[in-house]
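Novice: One structure follows; several queries about it will come next.
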Amino acid sequence: MANLNPFLYGKPVPPAQHIGRRIEIRTLFSRLANGESTAIVGEPHIGKSSLLRYLADEVARSEWLGKISEQQVCIEIDCQILSTTFTTNDFWQTILTVILETANDAIKKQCKIVTENNFGSFTLEALFKLLAKQERRVVLLIDEFDSLLNHPNFNHAEFFGALRSFATRTDGLAVITASRSSVTQMNRKSAELNPYGSPFFNNSIEVRLLPFAREDAQNLIETTLARNNGKIRFSSEDYDWLFSLAGKQPFLVQVAGASLYDAIANGDAGDKRYINATAIFHQRAAAHFADFWRSLTDDEKRALFLLALAEYRGYVDGRSFDMQQLGKLDRFAPELRHLRELGVVESDTAPNAVAWNDENWRVASAGVVTWLMENIVVGLRSTKDFDAVRGMEFLGPLTRDEIAKIKDIASKIPPDVIKTAVGFIKSLIKPS
């Protein structure tokens, strides 16, 4: 058999290959055992869909829930594929169709009443109460929940109010959502739809997915390589390079692993394998970085960009960069803290760490830094005046003096960052 690349980064991970997240999984299954609803929250490609798929898996549910799993009817809905003509009636009909597959006569009768009454809230509530009476429960696993929140046919209080009511009042429904929006953000959205009632999502707790710990990230790589019978193995130097490039973000770890695997399979050795793997990595991860960048607020973009720019300039100059050179930027402290909570930036003592607000900081993934240098700095260098820079929306609120200093820093960044990226990545590796 040919030496095929075993790394998976284009779709959710199969449940049997799911790695890590034990604390989050225990929380989710514990709440499902109690009939409670939960919101899985995380940045793009952090593993939300993979986790939902694991929760839906019969083997996993049986291992965690035992006989309770036999009482549950799991229904998966991916809101990203819903057409603009999809209605609330279509939503409930989808659920009824699955319920009817294993329904007894009493439940079938109530499903018929629901349909005849055009999916009215009282008849749906009666259905979920009947399910609970028979010790059964529907578990809704809703992926890309943000899309449902903003769908034109669901953007009203009646639907989300009913969903919350059924989940809290009947014992026949539990809802697990996966989205980029936090529960706080979803409740803020619900306040726009229903300014006087209880927030629709205050019955859900938030389980936020963060980048892996080093142990889980390395386990992911090792188990993936083992599936290919050890045809290619990574050295300790390879692992250091990989985690400096990708951080511990699961998708980026898989992309970096796949890129390095292809370089080695192609016969590349020494630094050549890192040079080629870095180029492959950036080609494959470009869409992810663009999506991640769009998901940030303008304030978060400014903080991340300034940190990345300072970190790379420090590498070019051969010494750590002090943000005081840009002036007082204390106003970005909340964004830095939030980005640290997301695992995007780290407080670190690495050689290129940036002194900012009495701490040393670096971006968790060198790939993020080099993508920003390659895609944002180029545009910044090409602008001729202050107003043109302000047209780059996320930089708009900066002062003329701050932008002039930023452009001066950017002018020293090499024109082809990717070709020089390996040296930057290696500079982040701490001596063992």
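We name chains A, B, ... following the order of the structure tokens; residues begin at 1 in each chain, and ligands are numbered from 1 as shown.
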Within 10 Å of Ser347 (chain A), counting only C-alpha atoms, which residues show up once you throw out same-chain ones fewer than 5 positions away? Write them as number ranges by chain, please.

Specialist: A: 336-337, 340, 353-356, 359-364

Novice: Please produce a file of the residues just selected, as a PDB file, in the first residue's frame, where the atoms kept are N, CA and C atoms.

Specialist:
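Writing done, so here's again.pdb:
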```
ATOM      1  N   LEU A 336      -6.093  41.578  25.294  1.00  0.00           N
ATOM      2  CA  LEU A 336      -5.008  40.615  25.515  1.00  0.00           C
ATOM      3  C   LEU A 336      -5.446  39.517  26.477  1.00  0.00           C
ATOM      4  N   ARG A 337      -6.114  39.918  27.550  1.00  0.00           N
ATOM      5  CA  ARG A 337      -6.576  38.921  28.525  1.00  0.00           C
ATOM      6  C   ARG A 337      -7.576  37.963  27.886  1.00  0.00           C
ATOM      7  N   ARG A 340      -5.867  35.616  25.615  1.00  0.00           N
ATOM      8  CA  ARG A 340      -5.164  34.600  26.409  1.00  0.00           C
ATOM      9  C   ARG A 340      -6.152  33.538  26.889  1.00  0.00           C
ATOM     10  N   ALA A 353       9.508  36.969  23.058  1.00  0.00           N
ATOM     11  CA  ALA A 353       8.321  37.469  23.747  1.00  0.00           C
ATOM     12  C   ALA A 353       8.362  38.992  23.824  1.00  0.00           C
ATOM     13  N   VAL A 354       7.184  39.595  23.756  1.00  0.00           N
ATOM     14  CA  VAL A 354       7.056  41.049  23.681  1.00  0.00           C
ATOM     15  C   VAL A 354       6.686  41.608  25.053  1.00  0.00           C
ATOM     16  N   ALA A 355       7.421  42.603  25.513  1.00  0.00           N
ATOM     17  CA  ALA A 355       7.110  43.259  26.782  1.00  0.00           C
ATOM     18  C   ALA A 355       5.919  44.190  26.576  1.00  0.00           C
ATOM     19  N   TRP A 356       4.829  43.900  27.291  1.00  0.00           N
ATOM     20  CA  TRP A 356       3.595  44.680  27.117  1.00  0.00           C
ATOM     21  C   TRP A 356       2.804  44.607  28.417  1.00  0.00           C
ATOM     22  N   GLU A 359       4.136  42.488  31.351  1.00  0.00           N
ATOM     23  CA  GLU A 359       4.231  41.045  31.139  1.00  0.00           C
ATOM     24  C   GLU A 359       4.927  40.792  29.808  1.00  0.00           C
ATOM     25  N   ASN A 360       5.386  39.560  29.623  1.00  0.00           N
ATOM     26  CA  ASN A 360       5.955  39.148  28.344  1.00  0.00           C
ATOM     27  C   ASN A 360       4.939  38.285  27.608  1.00  0.00           C
ATOM     28  N   TRP A 361       4.679  38.633  26.346  1.00  0.00           N
ATOM     29  CA  TRP A 361       3.614  37.994  25.581  1.00  0.00           C
ATOM     30  C   TRP A 361       4.149  37.446  24.266  1.00  0.00           C
ATOM     31  N   ARG A 362       3.471  36.422  23.765  1.00  0.00           N
ATOM     32  CA  ARG A 362       3.706  35.945  22.408  1.00  0.00           C
ATOM     33  C   ARG A 362       2.417  35.331  21.887  1.00  0.00           C
ATOM     34  N   VAL A 363       2.314  35.282  20.558  1.00  0.00           N
ATOM     35  CA  VAL A 363       1.190  34.605  19.916  1.00  0.00           C
ATOM     36  C   VAL A 363       1.443  33.103  20.002  1.00  0.00           C
ATOM     37  N   ALA A 364       0.410  32.327  20.343  1.00  0.00           N
ATOM     38  CA  ALA A 364       0.589  30.895  20.615  1.00  0.00           C
ATOM     39  C   ALA A 364       1.035  30.118  19.387  1.00  0.00           C
TER      40      ALA A 364
END
```

Novice: Counting only C-alpha atoms, what is within 8 Å of Leu96 (chain A), bar same-chain residues fewer than 4 positions away, as a list in words?

Specialist: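 Neighbouring residues, sequence-local ones excluded: Trp92, Leu100 and Cys111 of chain A.
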
Novice: Skipping near chain neighbours, those fewer than 2 positions away, what residues fall within 7 Å of Ser181 (chain A) using only C-alpha atoms, listed as number ranges by chain?

Specialist: A: 41, 146, 179, 183, 185-186

Novice: Those residues you just picked out, can you put them in a file as a PDB file, in the first residue's frame with C-alpha atoms?

Specialist:
```pdb
ATOM      1  CA  VAL A  41     -18.488  27.381  22.474  1.00  0.00           C
ATOM      2  CA  ASP A 146     -25.123  30.903  15.211  1.00  0.00           C
ATOM      3  CA  SER A 179     -21.392  27.845  18.178  1.00  0.00           C
ATOM      4  CA  VAL A 183     -23.952  32.189  26.111  1.00  0.00           C
ATOM      5  CA  GLN A 185     -23.638  36.876  23.391  1.00  0.00           C
ATOM      6  CA  MET A 186     -26.596  34.587  22.658  1.00  0.00           C
TER       7      MET A 186
END
```

Novice: Quick one: residues within 12 Å of Leu306 (chain A), only C-alpha atoms, excluding same-chain residues fewer than 2 positions away - as a VMD selection string?

Specialist: chain A and resid 299 to 304 308 to 313 321 to 326 329 332 335 to 336 345 354 to 356 361 to 363 369 372 to 373 376 to 377 394 to 395 398 402 to 403 405 to 407 409 to 410

Novice: CA of Thr94 (chain A) and CA of Ala162 (chain A), how far apart in Å?

Specialist: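 Rounded to one decimal, the two atoms are 16.2 Å apart.
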
Novice: Measuring between only C-alpha atoms, which one of A:Gly247, A:Gly35, A:Pro15, A:Gly318 shows the shortest distance to Gly423 (chain A)?

Specialist: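 Selected residue with least distance to Gly423 (chain A): A:Gly318.
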
Novice: Env of region 266-281 of chain A: 12 Å cut, atoms = only C-alpha atoms, seq-sep filter 5 positions within chain, self excluded. Answer as a compact mmCIF listing (two decimals) with N, CA and C atoms, in the first residue's frame.

Specialist:
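Written out: part.txt:
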```
# COMPACT_ATOMS: atom_id res chain seq x y z
N ASN A 3 2.32 5.02 0.67
CA ASN A 3 2.52 5.74 1.92
C ASN A 3 1.60 6.96 1.96
N LEU A 4 0.32 6.73 2.29
CA LEU A 4 -0.67 7.79 2.28
C LEU A 4 -0.63 8.58 3.59
N ASN A 5 -0.97 9.85 3.48
CA ASN A 5 -0.94 10.74 4.64
C ASN A 5 -2.12 10.43 5.56
N TYR A 9 -7.96 16.63 8.54
CA TYR A 9 -8.21 18.03 8.92
C TYR A 9 -9.25 18.70 8.03
N ILE A 232 6.31 6.58 8.98
CA ILE A 232 7.08 7.81 9.23
C ILE A 232 6.92 8.15 10.70
N PHE A 234 8.06 11.08 13.82
CA PHE A 234 8.56 12.43 14.05
C PHE A 234 9.57 12.40 15.19
N SER A 235 10.65 13.16 15.02
CA SER A 235 11.66 13.28 16.07
C SER A 235 11.22 14.32 17.09
N GLU A 237 12.75 16.99 17.70
CA GLU A 237 12.93 18.27 17.02
C GLU A 237 11.72 18.58 16.14
N ASP A 238 11.19 17.55 15.49
CA ASP A 238 9.99 17.73 14.66
C ASP A 238 8.82 18.21 15.51
N TYR A 239 8.64 17.60 16.68
CA TYR A 239 7.53 18.00 17.56
C TYR A 239 7.69 19.44 18.02
N ASP A 240 8.91 19.83 18.36
CA ASP A 240 9.14 21.22 18.78
C ASP A 240 8.80 22.18 17.66
N TRP A 241 9.24 21.86 16.43
CA TRP A 241 8.92 22.71 15.29
C TRP A 241 7.41 22.77 15.07
N LEU A 242 6.77 21.62 15.13
CA LEU A 242 5.34 21.53 14.84
C LEU A 242 4.53 22.37 15.82
N SER A 244 5.57 24.84 17.73
CA SER A 244 5.88 26.26 17.59
C SER A 244 5.10 26.86 16.44
N LEU A 245 4.95 26.10 15.36
CA LEU A 245 4.21 26.58 14.20
C LEU A 245 2.71 26.62 14.46
N ALA A 246 2.16 25.53 14.97
CA ALA A 246 0.70 25.38 15.07
C ALA A 246 0.14 25.76 16.43
N PHE A 251 -6.93 21.74 14.87
CA PHE A 251 -6.93 21.77 13.41
C PHE A 251 -5.54 22.10 12.88
N LEU A 252 -4.91 23.13 13.46
CA LEU A 252 -3.59 23.52 12.99
C LEU A 252 -2.55 22.45 13.29
N VAL A 253 -2.70 21.74 14.40
CA VAL A 253 -1.80 20.62 14.70
C VAL A 253 -1.90 19.55 13.62
N GLN A 254 -3.13 19.25 13.20
CA GLN A 254 -3.33 18.24 12.14
C GLN A 254 -2.75 18.73 10.81
N VAL A 255 -2.97 20.01 10.49
CA VAL A 255 -2.45 20.56 9.24
C VAL A 255 -0.92 20.56 9.26
N ALA A 256 -0.34 20.98 10.37
CA ALA A 256 1.12 21.00 10.48
C ALA A 256 1.68 19.58 10.41
N GLY A 257 1.02 18.64 11.08
CA GLY A 257 1.45 17.25 11.03
C GLY A 257 1.39 16.70 9.62
N ALA A 258 0.30 17.00 8.92
CA ALA A 258 0.14 16.53 7.53
C ALA A 258 1.19 17.15 6.62
N SER A 259 1.49 18.43 6.84
CA SER A 259 2.48 19.12 6.00
C SER A 259 3.88 18.56 6.21
N LEU A 260 4.23 18.31 7.47
CA LEU A 260 5.54 17.73 7.76
C LEU A 260 5.62 16.30 7.23
N TYR A 261 4.54 15.56 7.36
CA TYR A 261 4.50 14.18 6.86
C TYR A 261 4.77 14.16 5.36
N ALA A 286 -4.56 28.67 5.00
CA ALA A 286 -4.89 30.06 4.65
C ALA A 286 -6.36 30.38 4.90
N ALA A 287 -7.26 29.49 4.47
CA ALA A 287 -8.69 29.75 4.64
C ALA A 287 -9.07 29.77 6.12
N HIS A 288 -8.44 28.90 6.91
CA HIS A 288 -8.71 28.90 8.35
C HIS A 288 -8.29 30.22 8.98
N PHE A 289 -7.09 30.70 8.64
CA PHE A 289 -6.62 31.95 9.23
C PHE A 289 -7.55 33.11 8.85
N ALA A 366 3.04 30.35 15.76
CA ALA A 366 3.86 31.14 14.84
C ALA A 366 3.20 31.24 13.48
N GLY A 367 2.36 30.26 13.14
CA GLY A 367 1.63 30.32 11.87
C GLY A 367 0.72 31.52 11.79
N VAL A 368 0.10 31.88 12.91
CA VAL A 368 -0.75 33.09 12.95
C VAL A 368 0.10 34.32 12.70
N THR A 370 3.05 34.61 11.11
CA THR A 370 3.54 34.72 9.73
C THR A 370 2.40 34.99 8.76
N TRP A 371 1.20 34.46 9.04
CA TRP A 371 0.04 34.77 8.17
C TRP A 371 -0.28 36.26 8.24
N GLU A 374 2.32 38.20 6.34
CA GLU A 374 2.20 37.98 4.89
C GLU A 374 0.98 38.68 4.31
N ASP A 416 9.20 38.63 1.83
CA ASP A 416 8.70 37.26 1.68
C ASP A 416 8.84 36.56 3.03
N VAL A 417 7.81 36.70 3.85
CA VAL A 417 7.88 36.19 5.22
C VAL A 417 7.97 34.67 5.25
N ILE A 418 7.22 34.00 4.38
CA ILE A 418 7.17 32.54 4.44
C ILE A 418 8.55 31.93 4.22
N LYS A 419 9.36 32.54 3.34
CA LYS A 419 10.69 31.99 3.07
C LYS A 419 11.62 32.12 4.28
N THR A 420 11.34 33.10 5.13
CA THR A 420 12.20 33.29 6.31
C THR A 420 11.54 32.78 7.59
N ALA A 421 10.37 32.15 7.44
CA ALA A 421 9.58 31.78 8.62
C ALA A 421 10.22 30.68 9.46
N VAL A 422 10.96 29.77 8.84
CA VAL A 422 11.52 28.65 9.59
C VAL A 422 12.46 29.15 10.69
N GLY A 423 13.26 30.16 10.38
CA GLY A 423 14.15 30.72 11.40
C GLY A 423 13.35 31.31 12.55
N PHE A 424 12.25 31.99 12.22
CA PHE A 424 11.40 32.56 13.27
C PHE A 424 10.79 31.45 14.13
N ILE A 425 10.28 30.41 13.47
CA ILE A 425 9.66 29.30 14.21
C ILE A 425 10.68 28.64 15.14
N LYS A 426 11.87 28.40 14.62
CA LYS A 426 12.90 27.74 15.44
C LYS A 426 13.36 28.63 16.60
```

Novice: Which is closer to Ser147 (chain A) than all the others in A:Thr399, A:Asn187, A:Ser198, A:Thr84, using only C-alpha atoms?

Specialist: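 Checking each of A:Thr399, A:Asn187, A:Ser198, A:Thr84 against Ser147 (chain A), counting only C-alpha atoms, the winner is A:Thr84.
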
Novice: Which is closer to Val175 (chain A) than all the others in A:Arg53, A:Arg21, A:His45, A:Arg137, using only C-alpha atoms?

Specialist: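 Distance minimum relative to Val175 (chain A) lands on A:Arg137.
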
Novice: Of the candidates A:Thr87, A:Ser365, A:Asn375, A:Gln93, which one gets nearest to Pro211 (chain A) if we count only C-alpha atoms?

Specialist: A:Ser365

Novice: Can you list, as a ChimeraX atom specification, every protein, DNA or RNA residue that comes within 8 Å of Ile142 (chain A) when you count only C-alpha atoms, leaving out same-chain residues fewer than 6 positions away?

Specialist: /A:76-79,175-178

Novice: If we count only C-alpha atoms, what is near Phe166 (chain A) at a cut-off of 10 Å, once residues fewer than 5 positions away on the same chain are taken out, given as a count of residues only?

Specialist: 15

Novice: Enumerate the residues of region 155-268 of chain A with a DSSP assignment of strand (DSSP E or B), computed from the backbone, and present them as a PyMOL selection string.

Specialist: chain A and resi 173-179+204-208

Novice: Ranking A:Gln72, A:Gln80, A:Ser320, A:Asn117 by minimum distance to Val98 (chain A) and counting only C-alpha atoms, which one comes first?

Specialist: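 Closest candidate: A:Gln72.
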
Novice: Considering only C-alpha atoms, can you say which of A:Arg400, A:Arg294, A:Arg180, A:Lys248 comes closest to Leu220 (chain A)?

Specialist: A:Lys248
